[in-house]
>>> print(open('start_38.pdb').read())   # PDB, C-alpha atoms, pLDDT in the B column
ATOM      1  CA  MET A   1      98.222  86.209  48.301  1.00 46.00           C
ATOM      2  CA  GLY A   2      94.913  86.440  50.127  1.00 52.00           C
ATOM      3  CA  GLU A   3      91.656  86.059  48.274  1.00 55.00           C
ATOM      4  CA  ILE A   4      89.961  89.297  47.182  1.00 54.00           C
ATOM      5  CA  VAL A   5      86.337  89.395  48.289  1.00 57.00           C
ATOM      6  CA  ILE A   6      83.918  91.960  46.836  1.00 60.00           C
ATOM      7  CA  ASN A   7      80.414  91.910  48.235  1.00 68.00           C
ATOM      8  CA  GLY A   8      77.608  94.159  49.392  1.00 72.00           C
ATOM      9  CA  PRO A   9      77.312  96.003  52.696  1.00 80.00           C
ATOM     10  CA  LYS A  10      77.607  93.754  55.735  1.00 85.00           C
ATOM     11  CA  ILE A  11      74.734  93.275  58.141  1.00 83.00           C
ATOM     12  CA  LEU A  12      76.067  94.395  61.526  1.00 85.00           C
ATOM     13  CA  TYR A  13      73.118  93.219  63.610  1.00 83.00           C
ATOM     14  CA  GLU A  14      69.346  92.848  63.530  1.00 85.00           C
ATOM     15  CA  ILE A  15      66.682  94.573  65.586  1.00 82.00           C
ATOM     16  CA  PRO A  16      64.213  91.925  66.801  1.00 81.00           C
ATOM     17  CA  LEU A  17      61.142  93.641  65.353  1.00 77.00           C
ATOM     18  CA  PHE A  18      58.842  92.595  62.492  1.00 75.00           C
ATOM     19  CA  GLY A  19      60.797  89.417  61.949  1.00 75.00           C
ATOM     20  CA  GLY A  20      64.182  91.142  62.203  1.00 77.00           C
ATOM     21  CA  LEU A  21      65.247  94.553  60.889  1.00 83.00           C
ATOM     22  CA  PRO A  22      68.808  94.362  59.538  1.00 86.00           C
ATOM     23  CA  ILE A  23      71.194  97.210  60.366  1.00 86.00           C
ATOM     24  CA  THR A  24      73.872  97.368  57.678  1.00 89.00           C
ATOM     25  CA  GLU A  25      77.215  99.157  57.564  1.00 91.00           C
ATOM     26  CA  THR A  26      75.639 101.554  55.046  1.00 91.00           C
ATOM     27  CA  MET A  27      73.177 102.710  57.708  1.00 92.00           C
ATOM     28  CA  ARG A  28      75.933 103.074  60.290  1.00 93.00           C
ATOM     29  CA  ASN A  29      78.159 105.004  57.894  1.00 93.00           C
ATOM     30  CA  ALA A  30      75.239 107.208  56.831  1.00 94.00           C
ATOM     31  CA  TRP A  31      74.670 108.262  60.441  1.00 95.00           C
ATOM     32  CA  ILE A  32      78.387 108.956  60.827  1.00 95.00           C
ATOM     33  CA  VAL A  33      78.320 111.141  57.696  1.00 95.00           C
ATOM     34  CA  MET A  34      75.184 112.963  58.890  1.00 95.00           C
ATOM     35  CA  GLY A  35      76.836 113.543  62.252  1.00 95.00           C
ATOM     36  CA  PHE A  36      79.913 114.975  60.541  1.00 95.00           C
ATOM     37  CA  ILE A  37      77.805 117.308  58.377  1.00 94.00           C
ATOM     38  CA  LEU A  38      75.826 118.449  61.422  1.00 94.00           C
ATOM     39  CA  ILE A  39      78.993 119.204  63.397  1.00 94.00           C
ATOM     40  CA  LEU A  40      80.504 121.010  60.393  1.00 92.00           C
ATOM     41  CA  CYS A  41      77.417 123.197  60.036  1.00 90.00           C
ATOM     42  CA  LEU A  42      77.380 123.993  63.756  1.00 90.00           C
ATOM     43  CA  VAL A  43      81.062 124.917  63.744  1.00 90.00           C
ATOM     44  CA  LEU A  44      80.803 127.118  60.651  1.00 87.00           C
ATOM     45  CA  THR A  45      77.722 128.957  61.914  1.00 85.00           C
ATOM     46  CA  GLN A  46      78.734 129.389  65.549  1.00 84.00           C
ATOM     47  CA  GLY A  47      78.931 132.996  66.733  1.00 81.00           C
ATOM     48  CA  MET A  48      77.710 134.533  63.484  1.00 78.00           C
ATOM     49  CA  LYS A  49      78.065 138.302  63.036  1.00 81.00           C
ATOM     50  CA  LYS A  50      76.638 140.900  60.675  1.00 78.00           C
ATOM     51  CA  ILE A  51      80.031 141.318  59.038  1.00 77.00           C
ATOM     52  CA  PRO A  52      81.283 137.810  58.179  1.00 74.00           C
ATOM     53  CA  THR A  53      84.848 136.819  58.947  1.00 75.00           C
ATOM     54  CA  GLY A  54      86.791 133.573  58.965  1.00 80.00           C
ATOM     55  CA  LYS A  55      84.675 130.419  59.038  1.00 84.00           C
ATOM     56  CA  GLN A  56      81.444 132.411  58.656  1.00 84.00           C
ATOM     57  CA  THR A  57      82.728 133.644  55.294  1.00 88.00           C
ATOM     58  CA  ILE A  58      83.169 130.050  54.148  1.00 87.00           C
ATOM     59  CA  ALA A  59      79.638 129.155  55.233  1.00 88.00           C
ATOM     60  CA  GLU A  60      78.072 132.181  53.547  1.00 89.00           C
ATOM     61  CA  LYS A  61      79.979 131.621  50.304  1.00 91.00           C
ATOM     62  CA  ALA A  62      78.795 128.009  50.237  1.00 90.00           C
ATOM     63  CA  VAL A  63      75.168 129.073  50.787  1.00 91.00           C
ATOM     64  CA  LEU A  64      75.400 131.786  48.143  1.00 93.00           C
ATOM     65  CA  ALA A  65      76.949 129.333  45.669  1.00 93.00           C
ATOM     66  CA  VAL A  66      74.054 126.889  46.114  1.00 94.00           C
ATOM     67  CA  ASP A  67      71.490 129.701  45.890  1.00 93.00           C
ATOM     68  CA  LYS A  68      73.074 130.948  42.661  1.00 93.00           C
ATOM     69  CA  LEU A  69      73.111 127.425  41.223  1.00 93.00           C
ATOM     70  CA  VAL A  70      69.415 126.966  42.020  1.00 93.00           C
ATOM     71  CA  ASP A  71      68.533 130.382  40.573  1.00 92.00           C
ATOM     72  CA  GLN A  72      70.370 129.680  37.317  1.00 91.00           C
ATOM     73  CA  THR A  73      69.034 126.136  36.896  1.00 91.00           C
ATOM     74  CA  MET A  74      65.491 126.305  38.273  1.00 90.00           C
ATOM     75  CA  GLY A  75      64.704 130.035  38.442  1.00 85.00           C
ATOM     76  CA  PRO A  76      64.718 132.669  41.217  1.00 83.00           C
ATOM     77  CA  ASP A  77      61.289 131.556  42.450  1.00 87.00           C
ATOM     78  CA  CYS A  78      62.723 128.144  43.381  1.00 89.00           C
ATOM     79  CA  ARG A  79      65.073 129.382  46.091  1.00 90.00           C
ATOM     80  CA  HIS A  80      63.164 127.311  48.665  1.00 91.00           C
ATOM     81  CA  TYR A  81      64.643 124.189  47.063  1.00 93.00           C
ATOM     82  CA  ALA A  82      68.189 125.334  47.886  1.00 93.00           C
ATOM     83  CA  PRO A  83      68.348 123.534  51.291  1.00 93.00           C
ATOM     84  CA  TYR A  84      67.322 120.246  49.640  1.00 94.00           C
ATOM     85  CA  ILE A  85      69.903 120.645  46.875  1.00 95.00           C
ATOM     86  CA  ALA A  86      72.597 121.580  49.408  1.00 94.00           C
ATOM     87  CA  THR A  87      71.720 118.471  51.421  1.00 94.00           C
ATOM     88  CA  LEU A  88      72.032 116.263  48.344  1.00 94.00           C
ATOM     89  CA  LEU A  89      75.389 117.809  47.459  1.00 94.00           C
ATOM     90  CA  MET A  90      76.850 117.475  50.944  1.00 94.00           C
ATOM     91  CA  PHE A  91      75.441 114.046  51.743  1.00 95.00           C
ATOM     92  CA  SER A  92      76.425 112.621  48.366  1.00 94.00           C
ATOM     93  CA  PHE A  93      79.945 114.064  48.387  1.00 94.00           C
ATOM     94  CA  CYS A  94      80.735 113.203  52.004  1.00 93.00           C
ATOM     95  CA  GLY A  95      79.014 109.817  51.732  1.00 92.00           C
ATOM     96  CA  SER A  96      81.174 108.888  48.759  1.00 90.00           C
ATOM     97  CA  LEU A  97      84.348 110.132  50.482  1.00 88.00           C
ATOM     98  CA  ALA A  98      83.738 107.733  53.377  1.00 87.00           C
ATOM     99  CA  SER A  99      86.113 105.323  51.604  1.00 81.00           C
ATOM    100  CA  LEU A 100      89.006 107.676  52.426  1.00 80.00           C
ATOM    101  CA  PHE A 101      88.390 106.860  56.087  1.00 83.00           C
ATOM    102  CA  PHE A 102      88.287 103.088  55.536  1.00 80.00           C
ATOM    103  CA  MET A 103      84.493 102.935  55.487  1.00 85.00           C
ATOM    104  CA  ARG A 104      82.270 101.595  52.751  1.00 87.00           C
ATOM    105  CA  PRO A 105      80.889 104.526  50.697  1.00 90.00           C
ATOM    106  CA  VAL A 106      77.285 105.300  51.575  1.00 92.00           C
ATOM    107  CA  THR A 107      76.549 105.866  47.881  1.00 92.00           C
ATOM    108  CA  GLY A 108      78.021 102.446  47.060  1.00 89.00           C
ATOM    109  CA  ASP A 109      74.670 101.013  48.194  1.00 91.00           C
ATOM    110  CA  LEU A 110      71.772 101.219  45.723  1.00 92.00           C
ATOM    111  CA  ASN A 111      69.325 101.670  48.591  1.00 92.00           C
ATOM    112  CA  THR A 112      70.866 105.078  49.329  1.00 94.00           C
ATOM    113  CA  THR A 113      70.811 106.516  45.820  1.00 95.00           C
ATOM    114  CA  LEU A 114      67.408 104.985  45.068  1.00 94.00           C
ATOM    115  CA  GLY A 115      65.999 106.637  48.199  1.00 94.00           C
ATOM    116  CA  TRP A 116      67.266 110.041  47.047  1.00 95.00           C
ATOM    117  CA  ALA A 117      65.941 109.438  43.518  1.00 95.00           C
ATOM    118  CA  LEU A 118      62.498 108.512  44.866  1.00 95.00           C
ATOM    119  CA  MET A 119      62.378 111.731  46.911  1.00 95.00           C
ATOM    120  CA  THR A 120      63.225 113.665  43.756  1.00 94.00           C
ATOM    121  CA  PHE A 121      60.555 111.722  41.857  1.00 94.00           C
ATOM    122  CA  VAL A 122      57.968 112.753  44.456  1.00 94.00           C
ATOM    123  CA  LEU A 123      58.975 116.403  43.957  1.00 94.00           C
ATOM    124  CA  ILE A 124      58.719 116.008  40.178  1.00 92.00           C
ATOM    125  CA  THR A 125      55.240 114.488  40.398  1.00 92.00           C
ATOM    126  CA  TYR A 126      54.086 117.069  42.948  1.00 92.00           C
ATOM    127  CA  ASN A 127      55.178 119.986  40.763  1.00 91.00           C
ATOM    128  CA  ASN A 128      53.702 118.418  37.632  1.00 90.00           C
ATOM    129  CA  ILE A 129      50.294 118.147  39.306  1.00 91.00           C
ATOM    130  CA  LYS A 130      50.574 121.554  40.995  1.00 89.00           C
ATOM    131  CA  TYR A 131      51.390 123.521  37.837  1.00 87.00           C
ATOM    132  CA  LYS A 132      49.622 121.439  35.181  1.00 86.00           C
ATOM    133  CA  GLY A 133      46.715 120.085  37.179  1.00 87.00           C
ATOM    134  CA  ILE A 134      45.874 116.423  37.573  1.00 89.00           C
ATOM    135  CA  GLY A 135      44.209 116.448  34.163  1.00 87.00           C
ATOM    136  CA  GLY A 136      47.168 118.074  32.446  1.00 85.00           C
ATOM    137  CA  TYR A 137      49.569 115.689  34.168  1.00 85.00           C
ATOM    138  CA  LEU A 138      47.648 112.609  33.042  1.00 85.00           C
ATOM    139  CA  LYS A 139      47.150 114.105  29.583  1.00 85.00           C
ATOM    140  CA  GLY A 140      50.918 114.271  29.186  1.00 82.00           C
ATOM    141  CA  PHE A 141      51.071 110.476  29.132  1.00 85.00           C
ATOM    142  CA  VAL A 142      49.022 110.264  25.917  1.00 83.00           C
ATOM    143  CA  GLN A 143      50.988 112.871  23.981  1.00 81.00           C
ATOM    144  CA  PRO A 144      51.677 113.192  21.130  1.00 79.00           C
ATOM    145  CA  ILE A 145      49.339 110.246  20.419  1.00 81.00           C
ATOM    146  CA  PHE A 146      47.468 107.773  22.628  1.00 80.00           C
ATOM    147  CA  VAL A 147      49.575 104.745  21.636  1.00 81.00           C
ATOM    148  CA  MET A 148      52.598 106.417  23.236  1.00 80.00           C
ATOM    149  CA  ALA A 149      51.057 106.070  26.714  1.00 84.00           C
ATOM    150  CA  PRO A 150      52.971 102.881  27.697  1.00 86.00           C
ATOM    151  CA  LEU A 151      56.284 104.407  26.612  1.00 89.00           C
ATOM    152  CA  ASN A 152      55.544 107.658  28.437  1.00 84.00           C
ATOM    153  CA  VAL A 153      54.715 105.778  31.633  1.00 88.00           C
ATOM    154  CA  LEU A 154      57.903 103.743  31.266  1.00 91.00           C
ATOM    155  CA  SER A 155      59.879 106.933  30.714  1.00 88.00           C
ATOM    156  CA  GLU A 156      58.416 108.438  33.886  1.00 88.00           C
ATOM    157  CA  ILE A 157      59.370 105.376  35.935  1.00 90.00           C
ATOM    158  CA  ALA A 158      62.824 105.275  34.352  1.00 91.00           C
ATOM    159  CA  THR A 159      63.715 108.698  35.766  1.00 91.00           C
ATOM    160  CA  PRO A 160      64.406 107.655  39.390  1.00 92.00           C
ATOM    161  CA  VAL A 161      65.800 104.307  38.252  1.00 93.00           C
ATOM    162  CA  SER A 162      68.369 105.877  35.914  1.00 93.00           C
ATOM    163  CA  MET A 163      69.330 108.548  38.460  1.00 93.00           C
ATOM    164  CA  SER A 164      69.924 106.004  41.210  1.00 94.00           C
ATOM    165  CA  PHE A 165      71.788 103.463  39.069  1.00 93.00           C
ATOM    166  CA  ARG A 166      74.014 106.141  37.507  1.00 92.00           C
ATOM    167  CA  HIS A 167      75.217 107.412  40.877  1.00 93.00           C
ATOM    168  CA  PHE A 168      75.446 103.972  42.481  1.00 92.00           C
ATOM    169  CA  GLY A 169      77.154 102.418  39.452  1.00 90.00           C
ATOM    170  CA  ASN A 170      79.924 104.992  39.297  1.00 88.00           C
ATOM    171  CA  ILE A 171      80.752 104.790  43.008  1.00 88.00           C
ATOM    172  CA  ALA A 172      80.385 101.016  43.291  1.00 85.00           C
ATOM    173  CA  GLY A 173      82.351 100.543  40.058  1.00 83.00           C
ATOM    174  CA  GLY A 174      85.150 102.710  41.392  1.00 79.00           C
ATOM    175  CA  LEU A 175      85.137 100.694  44.622  1.00 79.00           C
ATOM    176  CA  VAL A 176      85.467  97.420  42.707  1.00 78.00           C
ATOM    177  CA  ILE A 177      88.201  98.731  40.396  1.00 78.00           C
ATOM    178  CA  THR A 178      90.200 100.172  43.296  1.00 75.00           C
ATOM    179  CA  THR A 179      89.940  96.901  45.221  1.00 73.00           C
ATOM    180  CA  LEU A 180      91.108  94.875  42.226  1.00 75.00           C
ATOM    181  CA  LEU A 181      93.998  97.255  41.494  1.00 73.00           C
ATOM    182  CA  MET A 182      95.114  97.201  45.117  1.00 70.00           C
ATOM    183  CA  GLY A 183      95.117  93.417  45.000  1.00 70.00           C
ATOM    184  CA  ALA A 184      97.126  93.433  41.771  1.00 70.00           C
ATOM    185  CA  LEU A 185      99.633  95.951  43.143  1.00 68.00           C
ATOM    186  CA  LYS A 186     100.054  93.850  46.265  1.00 66.00           C
ATOM    187  CA  ALA A 187     100.790  90.786  44.132  1.00 65.00           C
ATOM    188  CA  LEU A 188     103.299  92.664  41.945  1.00 64.00           C
ATOM    189  CA  SER A 189     105.124  94.217  44.870  1.00 60.00           C
ATOM    190  CA  GLY A 190     106.135  90.936  46.428  1.00 57.00           C
ATOM    191  CA  PHE A 191     109.623  92.104  47.368  1.00 52.00           C
ATOM    192  CA  VAL A 192     110.960  90.644  50.555  1.00 48.00           C
ATOM    193  CA  VAL A 193     113.279  92.395  52.977  1.00 48.00           C
ATOM    194  CA  GLY A 194     114.349  89.948  55.644  1.00 47.00           C
ATOM    195  CA  PHE A 195     111.165  88.183  56.638  1.00 50.00           C
ATOM    196  CA  LEU A 196     108.782  91.107  55.978  1.00 52.00           C
ATOM    197  CA  PRO A 197     107.145  91.818  52.589  1.00 57.00           C
ATOM    198  CA  VAL A 198     107.520  95.429  51.460  1.00 55.00           C
ATOM    199  CA  PRO A 199     104.595  96.486  49.181  1.00 57.00           C
ATOM    200  CA  LEU A 200     106.566  99.040  47.150  1.00 55.00           C
ATOM    201  CA  LEU A 201     103.959  99.426  44.418  1.00 58.00           C
ATOM    202  CA  GLN A 202     101.313 100.198  47.037  1.00 58.00           C
ATOM    203  CA  ILE A 203     103.165 103.348  48.061  1.00 59.00           C
ATOM    204  CA  GLY A 204     102.101 106.403  46.053  1.00 56.00           C
ATOM    205  CA  ILE A 205     100.065 104.727  43.317  1.00 60.00           C
ATOM    206  CA  PRO A 206      96.970 104.236  45.536  1.00 59.00           C
ATOM    207  CA  GLY A 207      97.108 107.959  46.334  1.00 56.00           C
ATOM    208  CA  VAL A 208      96.828 108.817  42.630  1.00 63.00           C
ATOM    209  CA  LEU A 209      93.958 106.358  42.225  1.00 66.00           C
ATOM    210  CA  SER A 210      92.252 107.861  45.256  1.00 64.00           C
ATOM    211  CA  LEU A 211      92.380 111.348  43.732  1.00 67.00           C
ATOM    212  CA  TYR A 212      90.232 110.132  40.848  1.00 68.00           C
ATOM    213  CA  PHE A 213      87.991 107.391  42.204  1.00 68.00           C
ATOM    214  CA  ASP A 214      87.402 108.953  45.619  1.00 74.00           C
ATOM    215  CA  ILE A 215      87.630 112.726  45.292  1.00 82.00           C
ATOM    216  CA  PHE A 216      86.993 113.598  41.629  1.00 84.00           C
ATOM    217  CA  THR A 217      84.316 110.965  41.034  1.00 85.00           C
ATOM    218  CA  SER A 218      82.586 111.777  44.332  1.00 88.00           C
ATOM    219  CA  ALA A 219      82.426 115.481  43.490  1.00 90.00           C
ATOM    220  CA  MET A 220      81.240 114.855  39.933  1.00 91.00           C
ATOM    221  CA  GLN A 221      78.506 112.399  40.898  1.00 92.00           C
ATOM    222  CA  ALA A 222      77.213 114.676  43.668  1.00 93.00           C
ATOM    223  CA  PHE A 223      77.086 117.582  41.215  1.00 94.00           C
ATOM    224  CA  ILE A 224      75.447 115.539  38.435  1.00 94.00           C
ATOM    225  CA  PHE A 225      72.791 114.075  40.727  1.00 95.00           C
ATOM    226  CA  SER A 226      71.946 117.520  42.095  1.00 94.00           C
ATOM    227  CA  MET A 227      71.860 119.074  38.621  1.00 94.00           C
ATOM    228  CA  LEU A 228      69.520 116.352  37.354  1.00 94.00           C
ATOM    229  CA  THR A 229      67.276 116.913  40.362  1.00 94.00           C
ATOM    230  CA  MET A 230      67.107 120.653  39.678  1.00 94.00           C
ATOM    231  CA  SER A 231      66.556 120.109  35.960  1.00 92.00           C
ATOM    232  CA  TYR A 232      63.731 117.580  36.357  1.00 92.00           C
ATOM    233  CA  VAL A 233      61.943 119.521  39.096  1.00 92.00           C
ATOM    234  CA  GLY A 234      62.403 122.794  37.200  1.00 89.00           C
ATOM    235  CA  ASN A 235      60.919 121.294  34.030  1.00 88.00           C
ATOM    236  CA  ALA A 236      57.984 119.915  36.009  1.00 87.00           C
ATOM    237  CA  ARG A 237      57.138 123.453  37.162  1.00 83.00           C
ATOM    238  CA  SER A 238      56.660 124.535  33.550  1.00 74.00           C
ATOM    239  CA  ALA A 239      53.023 124.739  32.512  1.00 56.00           C
ATOM    240  CA  ASP A 240      53.860 123.906  28.901  1.00 53.00           C
TER     241      ASP A 240
END
>>> encode(input="start_38.pdb", output="structure tokens")
Amino acid sequence: MGEIVINGPKILYEIPLFGGLPITETMRNAWIVMGFILILCLVLTQGMKKIPTGKQTIAEKAVLAVDKLVDQTMGPDCRHYAPYIATLLMFSFCGSLASLFFMRPVTGDLNTTLGWALMTFVLITYNNIKYKGIGGYLKGFVQPIFVMAPLNVLSEIATPVSMSFRHFGNIAGGLVITTLLMGALKALSGFVVGFLPVPLLQIGIPGVLSLYFDIFTSAMQAFIFSMLTMSYVGNARSAD
């Protein structure tokens, strides 16, 4: 049985700038996912009519679903955040499903989820300052008493860290578990027909595992990350 190797994203090549800029398989796969999403959007919105039919109906229902989710979670006056939330949902879900097409999941790289979490953190900070003022925002760090300031600062920093590690950990953990199970199934299915090994246990069982680790987990993590984004940004808009 071959050795099972679990490591991070491979460096495909380096751009000879600033001492070498590494281009990893995560970056390549991210561009593939973005290209797929772009093509999907163009196909669904091509030849739009006043009365939707066919693929246009699918596109409009998806847009309305995201708008409704934003209205219910953040409030009707936050509709302008719907494109950002829709992007997070689509990019996260499709990026995690890359494993179904024999690519490393985009969200299996902490750099990806941390980048999204930092963008959300910027939105949180921006809305805190906009609706509470710079004084009110800074005052929040010394409430309810001054000695709580270090803990409040730590709590603020922990927001993007926890969001990124939660999403990354679930996808990367699923990737590791699936790899180990596939290796175990290959070892247990060492039946030989003639001179060719027939991996009987690898037929069917991986499909069941894929339904959970690839599809269900991908959908859940995309939804959770987007909901946390809406919740944090929505709370930051409160003047309380």
>>> resolve_selection(input="start_38.pdb", expression="the PyMOL selection byres ((chain A and resi 30) around 12)", output="number ranges by chain")
A: 23-29, 31-37, 90-98, 103-109, 111-113
>>> atom_distance(input="start_38.pdb", atom1="atom CA of A:Ser99", atom2="atom CA of A:Arg166")
18.6 Å
>>> resolve_selection(input="start_38.pdb", expression="the PyMOL selection byres ((chain A and resi 120) around 12)", output="PyMOL selection string")
chain A and resi 81+84-85+88+113-119+121-127+159-161+163-164+225-234+236
>>> atom_distance(input="start_38.pdb", atom1="atom CA of A:Ser218", atom2="atom CA of A:Pro76")
27.7 Å
>>> resolve_selection(input="start_38.pdb", expression="the PyMOL selection byres ((chain A and resi 56) around 12)", output="list in words")
Leu40, Cys41, Leu42, Val43, Leu44, Thr45, Gln46, Gly47, Met48, Lys49, Lys50, Ile51, Pro52, Thr53, Gly54, Lys55, Thr57, Ile58, Ala59, Glu60, Lys61, Ala62 and Val63 of chain A
>>> closest_residue(input="start_38.pdb", among="A:Leu89, A:Leu180, A:Ser162, A:Ile15", to="A:Gln221", atoms="all atoms listed in the file")
A:Leu89
>>> atom_distance(input="start_38.pdb", atom1="atom CA of A:Gly140", atom2="atom CA of A:Gly75")
22.9 Å
>>> closest_residue(input="start_38.pdb", among="A:Gln72, A:Glu156, A:Leu181, A:Ser238", to="A:Asn128", atoms="only C-alpha atoms")
A:Ser238
>>> closest_residue(input="start_38.pdb", among="A:Ile11, A:Val147, A:Leu110, A:Leu154", to="A:Gly169", atoms="only C-alpha atoms")
A:Leu110
